[in-house]
Structures are given as C-alpha cells and as structure tokens.
file data-v3.tsv (TSV, C-alpha atoms)
chain	number	residue	atom	x	y	z
A	83	MET	CA	-52.84	-19.99	-6.24
A	84	THR	CA	-53.82	-16.64	-7.71
A	85	SER	CA	-56.79	-16.28	-10.05
A	86	GLY	CA	-55.23	-13.78	-12.49
A	87	PHE	CA	-53.50	-14.59	-15.76
A	88	ASP	CA	-49.84	-13.56	-15.75
A	89	TYR	CA	-48.59	-12.73	-19.27
A	90	SER	CA	-45.06	-11.98	-18.06
A	91	VAL	CA	-44.68	-15.47	-16.56
A	92	VAL	CA	-45.89	-17.08	-19.78
A	93	VAL	CA	-43.59	-15.03	-22.01
A	94	TYR	CA	-40.55	-15.52	-19.77
A	95	THR	CA	-41.07	-19.26	-19.34
A	96	LEU	CA	-41.75	-19.94	-23.01
A	97	SER	CA	-38.73	-17.85	-24.04
A	98	ILE	CA	-36.47	-20.12	-22.01
A	99	TYR	CA	-38.32	-23.16	-23.33
A	100	ALA	CA	-37.84	-22.01	-26.93
A	101	ALA	CA	-34.10	-21.54	-26.44
A	102	ILE	CA	-33.77	-25.10	-25.11
A	103	VAL	CA	-35.98	-26.66	-27.78
A	104	MET	CA	-34.00	-24.99	-30.58
A	105	SER	CA	-30.62	-26.03	-29.22
A	106	PRO	CA	-28.93	-29.06	-30.87
A	107	GLY	CA	-29.61	-32.39	-29.20
A	108	PRO	CA	-30.76	-35.96	-29.87
A	109	ASN	CA	-34.29	-34.82	-30.77
A	110	PHE	CA	-32.96	-32.45	-33.43
A	111	ALA	CA	-30.65	-35.14	-34.82
A	112	LEU	CA	-33.51	-37.64	-34.96
A	113	VAL	CA	-35.95	-35.32	-36.74
A	114	SER	CA	-33.26	-34.03	-39.11
A	115	ARG	CA	-32.32	-37.53	-40.20
A	116	LEU	CA	-35.91	-38.52	-40.95
A	117	ALA	CA	-36.54	-35.26	-42.81
A	118	LEU	CA	-33.41	-35.59	-44.94
A	119	GLN	CA	-34.44	-39.12	-45.83
A	120	GLY	CA	-37.72	-37.73	-47.15
A	121	ARG	CA	-39.74	-39.67	-44.57
A	122	LYS	CA	-42.34	-37.00	-43.90
A	123	ARG	CA	-44.95	-39.31	-42.39
A	124	LYS	CA	-42.45	-40.82	-39.98
A	125	SER	CA	-40.96	-37.43	-39.09
A	126	THR	CA	-44.45	-36.05	-38.43
A	127	GLY	CA	-45.16	-38.95	-36.09
A	128	ALA	CA	-41.80	-38.47	-34.37
A	129	ILE	CA	-42.51	-34.77	-33.81
A	130	LEU	CA	-45.88	-35.56	-32.21
A	131	GLY	CA	-44.23	-38.24	-30.07
A	132	LEU	CA	-41.50	-35.87	-28.88
A	133	ALA	CA	-44.03	-33.17	-28.01
A	134	SER	CA	-46.33	-35.64	-26.21
A	135	ALA	CA	-43.51	-37.04	-24.07
A	136	ALA	CA	-42.21	-33.54	-23.23
A	137	THR	CA	-45.70	-32.42	-22.25
A	138	PHE	CA	-46.10	-35.50	-20.05
A	139	TYR	CA	-42.88	-34.66	-18.19
A	140	ALA	CA	-43.97	-31.03	-17.93
A	141	ILE	CA	-47.28	-32.05	-16.36
A	142	LEU	CA	-45.49	-34.25	-13.82
A	143	ALA	CA	-43.16	-31.40	-12.90
A	144	MET	CA	-45.95	-28.82	-12.67
A	145	ALA	CA	-48.13	-31.16	-10.60
A	146	GLY	CA	-45.29	-31.74	-8.16
A	147	LEU	CA	-45.10	-35.44	-8.98
A	148	SER	CA	-41.45	-35.22	-10.02
A	149	ALA	CA	-40.49	-36.11	-6.43
A	150	LEU	CA	-41.50	-39.68	-7.28
A	151	LEU	CA	-38.43	-39.95	-9.48
A	152	SER	CA	-36.10	-39.09	-6.63
A	153	GLU	CA	-37.77	-41.71	-4.45
A	154	ILE	CA	-37.00	-44.42	-6.99
A	155	GLY	CA	-33.64	-43.18	-8.18
A	156	TRP	CA	-32.53	-46.64	-9.26
A	157	LEU	CA	-35.43	-46.81	-11.71
A	158	ALA	CA	-34.63	-43.38	-13.11
A	159	ARG	CA	-31.01	-44.46	-13.55
A	160	ALA	CA	-32.10	-47.67	-15.30
A	161	VAL	CA	-34.31	-45.67	-17.65
A	162	GLN	CA	-31.44	-43.26	-18.31
A	163	ILE	CA	-29.05	-46.08	-19.20
A	164	GLY	CA	-31.69	-47.72	-21.37
A	165	GLY	CA	-32.40	-44.45	-23.13
A	166	GLY	CA	-28.72	-43.81	-23.74
A	167	ALA	CA	-28.27	-47.30	-25.10
A	168	TYR	CA	-31.21	-46.75	-27.45
A	169	LEU	CA	-29.70	-43.53	-28.80
A	170	ILE	CA	-26.42	-45.37	-29.36
A	171	TYR	CA	-28.37	-48.06	-31.22
A	172	LEU	CA	-30.00	-45.43	-33.44
A	173	GLY	CA	-26.58	-43.90	-34.09
A	174	LEU	CA	-25.13	-47.25	-35.07
A	175	GLN	CA	-28.11	-47.80	-37.37
A	176	ALA	CA	-27.27	-44.53	-39.10
A	177	TRP	CA	-23.66	-45.65	-39.53
A	178	VAL	CA	-24.72	-49.01	-40.95
A	179	SER	CA	-27.12	-47.34	-43.40
A	180	SER	CA	-24.31	-45.01	-44.52
A	181	PHE	CA	-22.60	-47.97	-46.17
A	182	SER	CA	-25.61	-48.84	-48.31
A	183	LYS	CA	-25.56	-47.69	-51.92
A	184	GLN	CA	-28.98	-46.02	-51.86
A	185	PRO	CA	-30.23	-43.60	-49.16
A	186	GLU	CA	-33.09	-44.99	-47.11
A	187	THR	CA	-36.40	-43.48	-48.15
A	188	SER	CA	-40.03	-44.29	-47.63
A	189	SER	CA	-43.51	-43.63	-48.94
A	190	ASN	CA	-45.16	-40.41	-47.82
A	191	GLY	CA	-48.64	-41.19	-49.09
A	192	HIS	CA	-51.74	-41.77	-46.98
A	193	SER	CA	-51.50	-45.51	-47.50
A	194	VAL	CA	-51.30	-48.35	-45.02
A	195	GLU	CA	-47.51	-48.11	-45.35
A	196	GLY	CA	-47.72	-44.36	-44.69
A	197	ASP	CA	-49.81	-44.97	-41.58
A	198	ARG	CA	-47.25	-47.48	-40.33
A	199	GLU	CA	-44.53	-44.92	-40.94
A	200	PHE	CA	-46.46	-42.37	-38.87
A	201	LEU	CA	-47.08	-44.80	-35.99
A	202	GLY	CA	-43.45	-45.92	-36.09
A	203	GLY	CA	-42.32	-42.31	-35.87
A	204	LEU	CA	-44.77	-41.63	-33.04
A	205	LYS	CA	-43.41	-44.54	-30.99
A	206	LEU	CA	-39.84	-43.49	-31.79
A	207	GLY	CA	-40.41	-39.89	-30.64
A	208	ILE	CA	-42.14	-40.94	-27.43
A	209	LEU	CA	-39.46	-43.50	-26.59
A	210	VAL	CA	-36.55	-41.14	-27.26
A	211	ASN	CA	-37.99	-38.38	-25.06
A	212	LEU	CA	-39.38	-40.54	-22.26
A	213	SER	CA	-36.14	-42.51	-22.00
A	214	ASN	CA	-34.36	-39.34	-20.92
A	215	PRO	CA	-35.34	-38.69	-17.28
A	216	LYS	CA	-33.22	-35.56	-17.39
A	217	GLY	CA	-36.15	-34.06	-19.24
A	218	ILE	CA	-38.12	-33.88	-16.03
A	219	ALA	CA	-35.15	-32.27	-14.28
A	220	PHE	CA	-35.24	-29.54	-16.92
A	221	PHE	CA	-38.92	-28.88	-16.34
A	222	VAL	CA	-38.52	-28.88	-12.55
A	223	SER	CA	-35.71	-26.33	-12.83
A	224	LEU	CA	-37.60	-24.23	-15.37
A	225	TYR	CA	-40.82	-24.04	-13.40
A	226	ALA	CA	-39.01	-23.48	-10.12
A	227	VAL	CA	-37.31	-20.41	-11.61
A	228	ALA	CA	-39.94	-19.06	-13.98
A	229	VAL	CA	-43.37	-20.09	-12.66
A	230	PRO	CA	-44.34	-18.79	-9.19
A	231	PHE	CA	-45.88	-21.35	-6.85
A	232	ASP	CA	-49.06	-19.27	-6.73
A	233	ALA	CA	-49.43	-18.89	-10.52
A	234	SER	CA	-53.02	-19.31	-11.71
A	235	MET	CA	-54.27	-22.45	-13.41
A	236	ALA	CA	-54.81	-20.45	-16.62
A	237	THR	CA	-51.16	-19.35	-16.54
A	238	ARG	CA	-49.95	-22.90	-15.97
A	239	LEU	CA	-52.12	-24.36	-18.73
A	240	THR	CA	-50.95	-21.67	-21.15
A	241	VAL	CA	-47.33	-22.53	-20.37
A	242	LEU	CA	-48.04	-26.24	-20.94
A	243	LEU	CA	-49.88	-25.67	-24.23
A	244	GLY	CA	-47.34	-23.08	-25.34
A	245	GLY	CA	-44.49	-25.52	-24.70
A	246	ALA	CA	-46.20	-28.21	-26.76
A	247	ALA	CA	-46.83	-25.68	-29.55
A	248	LEU	CA	-43.15	-24.69	-29.53
A	249	GLU	CA	-42.06	-28.32	-29.85
A	250	LEU	CA	-44.47	-28.96	-32.71
A	251	GLY	CA	-43.78	-25.65	-34.46
A	252	TRP	CA	-39.98	-25.76	-34.29
A	253	TYR	CA	-39.57	-29.33	-35.48
A	254	ASN	CA	-42.13	-28.83	-38.25
A	255	ILE	CA	-40.01	-25.89	-39.44
A	256	VAL	CA	-36.94	-28.15	-39.38
A	257	VAL	CA	-38.74	-30.81	-41.42
A	258	SER	CA	-40.05	-28.20	-43.86
A	259	LEU	CA	-36.57	-26.76	-44.46
A	260	LEU	CA	-34.82	-30.11	-44.77
A	261	SER	CA	-37.52	-31.49	-47.08
A	262	ARG	CA	-36.84	-28.87	-49.74
A	263	SER	CA	-35.33	-29.94	-53.04
A	264	ALA	CA	-31.93	-28.35	-52.33
A	265	ALA	CA	-31.61	-30.16	-49.01
A	266	GLN	CA	-32.78	-33.43	-50.55
A	267	ALA	CA	-30.28	-33.08	-53.40
A	268	ALA	CA	-27.46	-32.43	-50.93
A	269	TYR	CA	-28.52	-35.46	-48.90
A	270	LYS	CA	-28.53	-37.72	-51.97
A	271	ARG	CA	-25.07	-36.50	-52.88
A	272	PHE	CA	-23.52	-36.64	-49.42
A	273	SER	CA	-25.88	-39.13	-47.71
A	274	ASN	CA	-23.07	-41.36	-46.44
A	275	TRP	CA	-21.29	-38.54	-44.63
A	276	ILE	CA	-24.53	-36.97	-43.38
A	277	GLU	CA	-25.67	-40.32	-41.96
A	278	ARG	CA	-22.30	-40.81	-40.26
A	279	THR	CA	-22.37	-37.29	-38.81
A	280	ILE	CA	-25.88	-37.68	-37.43
A	281	GLY	CA	-25.06	-41.20	-36.25
A	282	SER	CA	-21.99	-39.92	-34.41
A	283	ALA	CA	-24.09	-37.21	-32.77
A	284	LEU	CA	-26.66	-39.77	-31.58
A	285	ILE	CA	-23.90	-42.03	-30.24
A	286	PHE	CA	-22.35	-39.05	-28.42
A	287	PHE	CA	-25.66	-38.03	-26.84
A	288	GLY	CA	-26.40	-41.64	-25.93
A	289	GLY	CA	-23.00	-42.18	-24.36
A	290	LYS	CA	-23.30	-38.95	-22.41
A	291	LEU	CA	-26.69	-40.06	-21.10
A	292	VAL	CA	-25.29	-43.44	-20.01
A	293	LEU	CA	-22.24	-41.95	-18.28
A	294	ASP	CA	-23.85	-38.89	-16.66
A	295	ARG	CA	-25.25	-39.18	-13.15

call {"tool": "encode", "arguments": {"input": "data-v3.tsv", "output": "structure tokens"}}
result
Amino acid sequence: MTSGFDYSVVVYTLSIYAAIVMSPGPNFALVSRLALQGRKRKSTGAILGLASAATFYAILAMAGLSALLSEIGWLARAVQIGGGAYLIYLGLQAWVSSFSKQPETSSNGHSVEGDREFLGGLKLGILVNLSNPKGIAFFVSLYAVAVPFDASMATRLTVLLGGAALELGWYNIVVSLLSRSAAQAAYKRFSNWIERTIGSALIFFGGKLVLDR
C-alpha cells in the first residue's frame, strides 16, 4: 500500500459513484415518496439509513470481506429475496394509500412523534439498502476498477467518506426540491397517481431483485 494521496483515484471513483447514486432506483423512489408526503423527519432518517448501509457495504468491499458473501451464497440469496419482498410490500402500501381520500402526512416538529418519524425512517433506509446484497457487488466492481490495490489508506478513507457525502448530499437535494410548495401542491392534486407510480416502481424493483440471480 502506497503512502501518497491519489487525487485522480478519488475523483474517478467518486464520479462513478455519483452517477450510480443519481440514477433512478428503489432508494430514489423511497426518498421521493417520503418527501412528497411532507415527511421531512422520516425522509431525513431514511437518507441517513441509506448512507449508513451503503458505507457499511463499501467498508466490507474495501476490506476484502466481500468474499464472505460468496462463501454463504444461500444466505445472500435469502437476503435478496427478503429484500425484494420488502420492496414489493412498500409498493403495495403505496397503492393502498393511493385509495385513501387524504394524502398521508406527518408532523415535522422536534417532538416525540417527530423523533419516532426520524427513527422509523432510519430503520427503513438501513433495511432497504442492506436487504440488497447486490450493493456489495457494486462496490466490489467499483473498487476493483477504480481503486488500485496499493492505494493509500488516506485515499481509501477519502473515497469512503466522499461516497457517504454523495449519498447524503444528493438525497437531501431531492428532499429539498420535492418539499417545495409547487411540488407539494402537485402531490396534493395528483397524490393518487403519484403514489401508484411510485408504488409500481417499488414493486418492479422488488420483483427484479427476487427474480435476479
């Protein structure tokens, strides 16, 4: 392992990471739904949960512990099926809520209820990301291509922290944009169809996770 800090490795790796993070997927659908519902505390918790789970997988991949997953492939497959089923469940929840007369909203204050919203979002984000073992495959592939085996510890830590910052930054931007009055007004007007669209996306991603090997 070299002792120097490699800026080019950091920039290249985080550029790829950013492109993946910003691409549509179950995480984006989850955060978007919470933001449109005006559930800022829960969406903030979900963002932190998503970033924490992604960083955990990144650490496993960078430490070379990802081989453990291949040794217990049946467990990884069970987790994948469970994760897909959970996404399908969330999608069905969105469909069910689309038939209610009033859009689901929640308190955003720093009350006990707000704290529960935050913790609920945190658990939701962690569960959604950890239940997708393909996340670790992404990090293994990314680091195999972009991070040399002899990269310094400073370079590796910067990549890890930069990845977490990208997750937090991007989804906070999403929440900020979808929490604006125009977006909220559109959601209140078309909430049923928005919920069904997001629900369908979650069911699609969940089904794909269950069926993919």

call {"tool": "closest_atom_pairs", "arguments": {"input": "data-v3.tsv", "of": "range 254-292 of chain A", "to": "range 121-129 of chain A", "cutoff": "10 Å", "atoms": "only C-alpha atoms", "output": "Markdown table"}}
result
| residue | atom | partner | partner_atom | distance |
| --- | --- | --- | --- | --- |
| A:Asn254 | CA | A:Ile129 | CA | 7.4 |
| A:Val257 | CA | A:Ser125 | CA | 7.4 |
| A:Ser258 | CA | A:Lys122 | CA | 9.1 |
| A:Ser261 | CA | A:Lys122 | CA | 8.0 |

call {"tool": "closest_residue", "arguments": {"input": "data-v3.tsv", "among": "A:Ala136, A:Leu284, A:Leu130, A:Leu260", "to": "Ser114 in chain A", "atoms": "all atoms listed in the file"}}
result
A:Leu260

call {"tool": "closest_residue", "arguments": {"input": "data-v3.tsv", "among": "A:Thr95, A:Ser234, A:Asn214, A:Ser182", "to": "Trp275 in chain A", "atoms": "all atoms listed in the file"}}
result
A:Ser182

call {"tool": "residues_around", "arguments": {"input": "data-v3.tsv", "residues": "Leu291 in chain A", "least_positions_apart": "3", "cutoff": "6 Å", "atoms": "all atoms listed in the file", "output": "list in words"}}
result
Gly166, Gly288 and Asp294 of chain A

call {"tool": "closest_residue", "arguments": {"input": "data-v3.tsv", "among": "A:Val210, A:Val256, A:Leu242, A:Ala264", "to": "Leu96 in chain A", "atoms": "only C-alpha atoms"}}
result
A:Leu242

call {"tool": "closest_residue", "arguments": {"input": "data-v3.tsv", "among": "A:Ala265, A:Ile163, A:Val241, A:Ile285", "to": "Tyr225 in chain A", "atoms": "only C-alpha atoms"}}
result
A:Val241

call {"tool": "atom_distance", "arguments": {"input": "data-v3.tsv", "atom1": "CA of Phe87 in chain A", "atom2": "CA of Thr237 in chain A"}}
result
5.4 Å

call {"tool": "atom_distance", "arguments": {"input": "data-v3.tsv", "atom1": "CA of Gly207 in chain A", "atom2": "CA of Ile276 in chain A"}}
result
20.6 Å

call {"tool": "closest_residue", "arguments": {"input": "data-v3.tsv", "among": "A:Leu209, A:Leu118, A:Val103, A:Leu248", "to": "Tyr269 in chain A", "atoms": "only C-alpha atoms"}}
result
A:Leu118

call {"tool": "closest_residue", "arguments": {"input": "data-v3.tsv", "among": "A:Gly245, A:Gly86, A:Gly173, A:Gly251", "to": "Ala111 in chain A", "atoms": "only C-alpha atoms"}}
result
A:Gly173

call {"tool": "decode", "arguments": {"input": "data-v3.tsv", "residues": "range 266-281 of chain A", "atoms": "all heavy atoms", "output": "PDB file, in the first residue's frame"}}
result
ATOM      1  N   GLN A 266     -45.377  20.155  -3.484  1.00  0.00           N
ATOM      2  CA  GLN A 266     -46.384  19.719  -2.522  1.00  0.00           C
ATOM      3  C   GLN A 266     -47.801  19.918  -3.076  1.00  0.00           C
ATOM      4  O   GLN A 266     -48.675  19.073  -2.884  1.00  0.00           O
ATOM      5  CB  GLN A 266     -46.221  20.500  -1.217  1.00  0.00           C
ATOM      6  CG  GLN A 266     -44.920  20.212  -0.474  1.00  0.00           C
ATOM      7  CD  GLN A 266     -44.857  18.781   0.031  1.00  0.00           C
ATOM      8  OE1 GLN A 266     -45.699  18.355   0.814  1.00  0.00           O
ATOM      9  NE2 GLN A 266     -43.868  18.041  -0.430  1.00  0.00           N
ATOM     10  N   ALA A 267     -48.003  21.051  -3.774  1.00  0.00           N
ATOM     11  CA  ALA A 267     -49.315  21.310  -4.365  1.00  0.00           C
ATOM     12  C   ALA A 267     -49.644  20.285  -5.445  1.00  0.00           C
ATOM     13  O   ALA A 267     -50.777  19.793  -5.533  1.00  0.00           O
ATOM     14  CB  ALA A 267     -49.338  22.719  -4.957  1.00  0.00           C
ATOM     15  N   ALA A 268     -48.634  19.936  -6.255  1.00  0.00           N
ATOM     16  CA  ALA A 268     -48.840  18.929  -7.299  1.00  0.00           C
ATOM     17  C   ALA A 268     -49.147  17.570  -6.674  1.00  0.00           C
ATOM     18  O   ALA A 268     -50.002  16.827  -7.174  1.00  0.00           O
ATOM     19  CB  ALA A 268     -47.600  18.843  -8.186  1.00  0.00           C
ATOM     20  N   TYR A 269     -48.451  17.262  -5.570  1.00  0.00           N
ATOM     21  CA  TYR A 269     -48.698  15.984  -4.899  1.00  0.00           C
ATOM     22  C   TYR A 269     -50.126  15.917  -4.354  1.00  0.00           C
ATOM     23  O   TYR A 269     -50.815  14.895  -4.499  1.00  0.00           O
ATOM     24  CB  TYR A 269     -47.696  15.768  -3.768  1.00  0.00           C
ATOM     25  CG  TYR A 269     -47.954  14.497  -2.988  1.00  0.00           C
ATOM     26  CD1 TYR A 269     -47.653  13.255  -3.543  1.00  0.00           C
ATOM     27  CD2 TYR A 269     -48.520  14.535  -1.717  1.00  0.00           C
ATOM     28  CE1 TYR A 269     -47.909  12.085  -2.844  1.00  0.00           C
ATOM     29  CE2 TYR A 269     -48.779  13.378  -1.012  1.00  0.00           C
ATOM     30  CZ  TYR A 269     -48.469  12.154  -1.578  1.00  0.00           C
ATOM     31  OH  TYR A 269     -48.735  11.002  -0.895  1.00  0.00           O
ATOM     32  N   LYS A 270     -50.582  17.012  -3.722  1.00  0.00           N
ATOM     33  CA  LYS A 270     -51.933  17.020  -3.167  1.00  0.00           C
ATOM     34  C   LYS A 270     -52.981  16.865  -4.270  1.00  0.00           C
ATOM     35  O   LYS A 270     -54.020  16.240  -4.073  1.00  0.00           O
ATOM     36  CB  LYS A 270     -52.164  18.321  -2.405  1.00  0.00           C
ATOM     37  CG  LYS A 270     -51.409  18.386  -1.086  1.00  0.00           C
ATOM     38  CD  LYS A 270     -51.655  19.692  -0.370  1.00  0.00           C
ATOM     39  CE  LYS A 270     -50.865  19.747   0.939  1.00  0.00           C
ATOM     40  NZ  LYS A 270     -51.068  21.031   1.658  1.00  0.00           N
ATOM     41  N   ARG A 271     -52.671  17.411  -5.427  1.00  0.00           N
ATOM     42  CA  ARG A 271     -53.630  17.336  -6.536  1.00  0.00           C
ATOM     43  C   ARG A 271     -53.629  15.969  -7.211  1.00  0.00           C
ATOM     44  O   ARG A 271     -54.685  15.462  -7.604  1.00  0.00           O
ATOM     45  CB  ARG A 271     -53.313  18.434  -7.557  1.00  0.00           C
ATOM     46  CG  ARG A 271     -54.311  18.507  -8.698  1.00  0.00           C
ATOM     47  CD  ARG A 271     -54.012  19.668  -9.624  1.00  0.00           C
ATOM     48  NE  ARG A 271     -54.984  19.761 -10.711  1.00  0.00           N
ATOM     49  CZ  ARG A 271     -54.926  20.644 -11.698  1.00  0.00           C
ATOM     50  NH1 ARG A 271     -53.928  21.526 -11.735  1.00  0.00           N
ATOM     51  NH2 ARG A 271     -55.838  20.653 -12.651  1.00  0.00           N
ATOM     52  N   PHE A 272     -52.428  15.415  -7.367  1.00  0.00           N
ATOM     53  CA  PHE A 272     -52.305  14.147  -8.099  1.00  0.00           C
ATOM     54  C   PHE A 272     -51.758  13.022  -7.212  1.00  0.00           C
ATOM     55  O   PHE A 272     -51.117  12.096  -7.701  1.00  0.00           O
ATOM     56  CB  PHE A 272     -51.371  14.323  -9.304  1.00  0.00           C
ATOM     57  CG  PHE A 272     -51.808  15.396 -10.249  1.00  0.00           C
ATOM     58  CD1 PHE A 272     -51.121  16.603 -10.318  1.00  0.00           C
ATOM     59  CD2 PHE A 272     -52.902  15.213 -11.080  1.00  0.00           C
ATOM     60  CE1 PHE A 272     -51.505  17.596 -11.200  1.00  0.00           C
ATOM     61  CE2 PHE A 272     -53.302  16.207 -11.968  1.00  0.00           C
ATOM     62  CZ  PHE A 272     -52.608  17.399 -12.025  1.00  0.00           C
ATOM     63  N   SER A 273     -52.000  13.106  -5.901  1.00  0.00           N
ATOM     64  CA  SER A 273     -51.393  12.160  -4.956  1.00  0.00           C
ATOM     65  C   SER A 273     -51.705  10.698  -5.291  1.00  0.00           C
ATOM     66  O   SER A 273     -50.845   9.831  -5.171  1.00  0.00           O
ATOM     67  CB  SER A 273     -51.846  12.474  -3.524  1.00  0.00           C
ATOM     68  OG  SER A 273     -53.256  12.369  -3.415  1.00  0.00           O
ATOM     69  N   ASN A 274     -52.933  10.437  -5.721  1.00  0.00           N
ATOM     70  CA  ASN A 274     -53.300   9.048  -6.013  1.00  0.00           C
ATOM     71  C   ASN A 274     -52.429   8.456  -7.122  1.00  0.00           C
ATOM     72  O   ASN A 274     -51.899   7.347  -6.999  1.00  0.00           O
ATOM     73  CB  ASN A 274     -54.776   8.967  -6.410  1.00  0.00           C
ATOM     74  CG  ASN A 274     -55.705   9.224  -5.237  1.00  0.00           C
ATOM     75  OD1 ASN A 274     -55.265   9.219  -4.095  1.00  0.00           O
ATOM     76  ND2 ASN A 274     -56.968   9.465  -5.510  1.00  0.00           N
ATOM     77  N   TRP A 275     -52.260   9.238  -8.203  1.00  0.00           N
ATOM     78  CA  TRP A 275     -51.476   8.727  -9.329  1.00  0.00           C
ATOM     79  C   TRP A 275     -49.977   8.707  -9.013  1.00  0.00           C
ATOM     80  O   TRP A 275     -49.257   7.811  -9.461  1.00  0.00           O
ATOM     81  CB  TRP A 275     -51.754   9.560 -10.571  1.00  0.00           C
ATOM     82  CG  TRP A 275     -53.138   9.349 -11.091  1.00  0.00           C
ATOM     83  CD1 TRP A 275     -54.189  10.208 -11.044  1.00  0.00           C
ATOM     84  CD2 TRP A 275     -53.641   8.147 -11.698  1.00  0.00           C
ATOM     85  NE1 TRP A 275     -55.314   9.640 -11.585  1.00  0.00           N
ATOM     86  CE2 TRP A 275     -55.008   8.370 -11.999  1.00  0.00           C
ATOM     87  CE3 TRP A 275     -53.070   6.905 -12.017  1.00  0.00           C
ATOM     88  CZ2 TRP A 275     -55.804   7.405 -12.600  1.00  0.00           C
ATOM     89  CZ3 TRP A 275     -53.868   5.944 -12.624  1.00  0.00           C
ATOM     90  CH2 TRP A 275     -55.214   6.197 -12.909  1.00  0.00           C
ATOM     91  N   ILE A 276     -49.520   9.669  -8.237  1.00  0.00           N
ATOM     92  CA  ILE A 276     -48.107   9.689  -7.843  1.00  0.00           C
ATOM     93  C   ILE A 276     -47.797   8.483  -6.960  1.00  0.00           C
ATOM     94  O   ILE A 276     -46.776   7.804  -7.146  1.00  0.00           O
ATOM     95  CB  ILE A 276     -47.759  11.000  -7.114  1.00  0.00           C
ATOM     96  CG1 ILE A 276     -47.830  12.178  -8.092  1.00  0.00           C
ATOM     97  CG2 ILE A 276     -46.368  10.925  -6.479  1.00  0.00           C
ATOM     98  CD1 ILE A 276     -47.671  13.535  -7.437  1.00  0.00           C
ATOM     99  N   GLU A 277     -48.688   8.206  -5.999  1.00  0.00           N
ATOM    100  CA  GLU A 277     -48.492   7.047  -5.119  1.00  0.00           C
ATOM    101  C   GLU A 277     -48.485   5.743  -5.927  1.00  0.00           C
ATOM    102  O   GLU A 277     -47.676   4.848  -5.683  1.00  0.00           O
ATOM    103  CB  GLU A 277     -49.607   6.997  -4.064  1.00  0.00           C
ATOM    104  CG  GLU A 277     -49.469   8.034  -2.969  1.00  0.00           C
ATOM    105  CD  GLU A 277     -48.346   7.710  -2.008  1.00  0.00           C
ATOM    106  OE1 GLU A 277     -48.314   6.611  -1.455  1.00  0.00           O
ATOM    107  OE2 GLU A 277     -47.466   8.578  -1.829  1.00  0.00           O
ATOM    108  N   ARG A 278     -49.375   5.649  -6.901  1.00  0.00           N
ATOM    109  CA  ARG A 278     -49.444   4.430  -7.711  1.00  0.00           C
ATOM    110  C   ARG A 278     -48.207   4.277  -8.594  1.00  0.00           C
ATOM    111  O   ARG A 278     -47.702   3.170  -8.787  1.00  0.00           O
ATOM    112  CB  ARG A 278     -50.704   4.453  -8.573  1.00  0.00           C
ATOM    113  CG  ARG A 278     -51.980   4.307  -7.762  1.00  0.00           C
ATOM    114  CD  ARG A 278     -53.225   4.641  -8.555  1.00  0.00           C
ATOM    115  NE  ARG A 278     -54.387   4.747  -7.674  1.00  0.00           N
ATOM    116  CZ  ARG A 278     -55.577   5.186  -8.058  1.00  0.00           C
ATOM    117  NH1 ARG A 278     -55.779   5.558  -9.325  1.00  0.00           N
ATOM    118  NH2 ARG A 278     -56.580   5.262  -7.197  1.00  0.00           N
ATOM    119  N   THR A 279     -47.703   5.407  -9.091  1.00  0.00           N
ATOM    120  CA  THR A 279     -46.491   5.356  -9.926  1.00  0.00           C
ATOM    121  C   THR A 279     -45.289   4.922  -9.112  1.00  0.00           C
ATOM    122  O   THR A 279     -44.518   4.035  -9.521  1.00  0.00           O
ATOM    123  CB  THR A 279     -46.219   6.732 -10.560  1.00  0.00           C
ATOM    124  OG1 THR A 279     -47.335   7.107 -11.380  1.00  0.00           O
ATOM    125  CG2 THR A 279     -44.959   6.691 -11.409  1.00  0.00           C
ATOM    126  N   ILE A 280     -45.123   5.545  -7.933  1.00  0.00           N
ATOM    127  CA  ILE A 280     -44.001   5.181  -7.071  1.00  0.00           C
ATOM    128  C   ILE A 280     -44.168   3.747  -6.570  1.00  0.00           C
ATOM    129  O   ILE A 280     -43.206   2.981  -6.504  1.00  0.00           O
ATOM    130  CB  ILE A 280     -43.889   6.164  -5.887  1.00  0.00           C
ATOM    131  CG1 ILE A 280     -43.514   7.563  -6.393  1.00  0.00           C
ATOM    132  CG2 ILE A 280     -42.854   5.677  -4.873  1.00  0.00           C
ATOM    133  CD1 ILE A 280     -43.460   8.623  -5.316  1.00  0.00           C
ATOM    134  N   GLY A 281     -45.404   3.388  -6.224  1.00  0.00           N
ATOM    135  CA  GLY A 281     -45.666   2.021  -5.776  1.00  0.00           C
ATOM    136  C   GLY A 281     -45.326   0.996  -6.852  1.00  0.00           C
ATOM    137  O   GLY A 281     -44.724  -0.046  -6.567  1.00  0.00           O
TER     138      GLY A 281
END
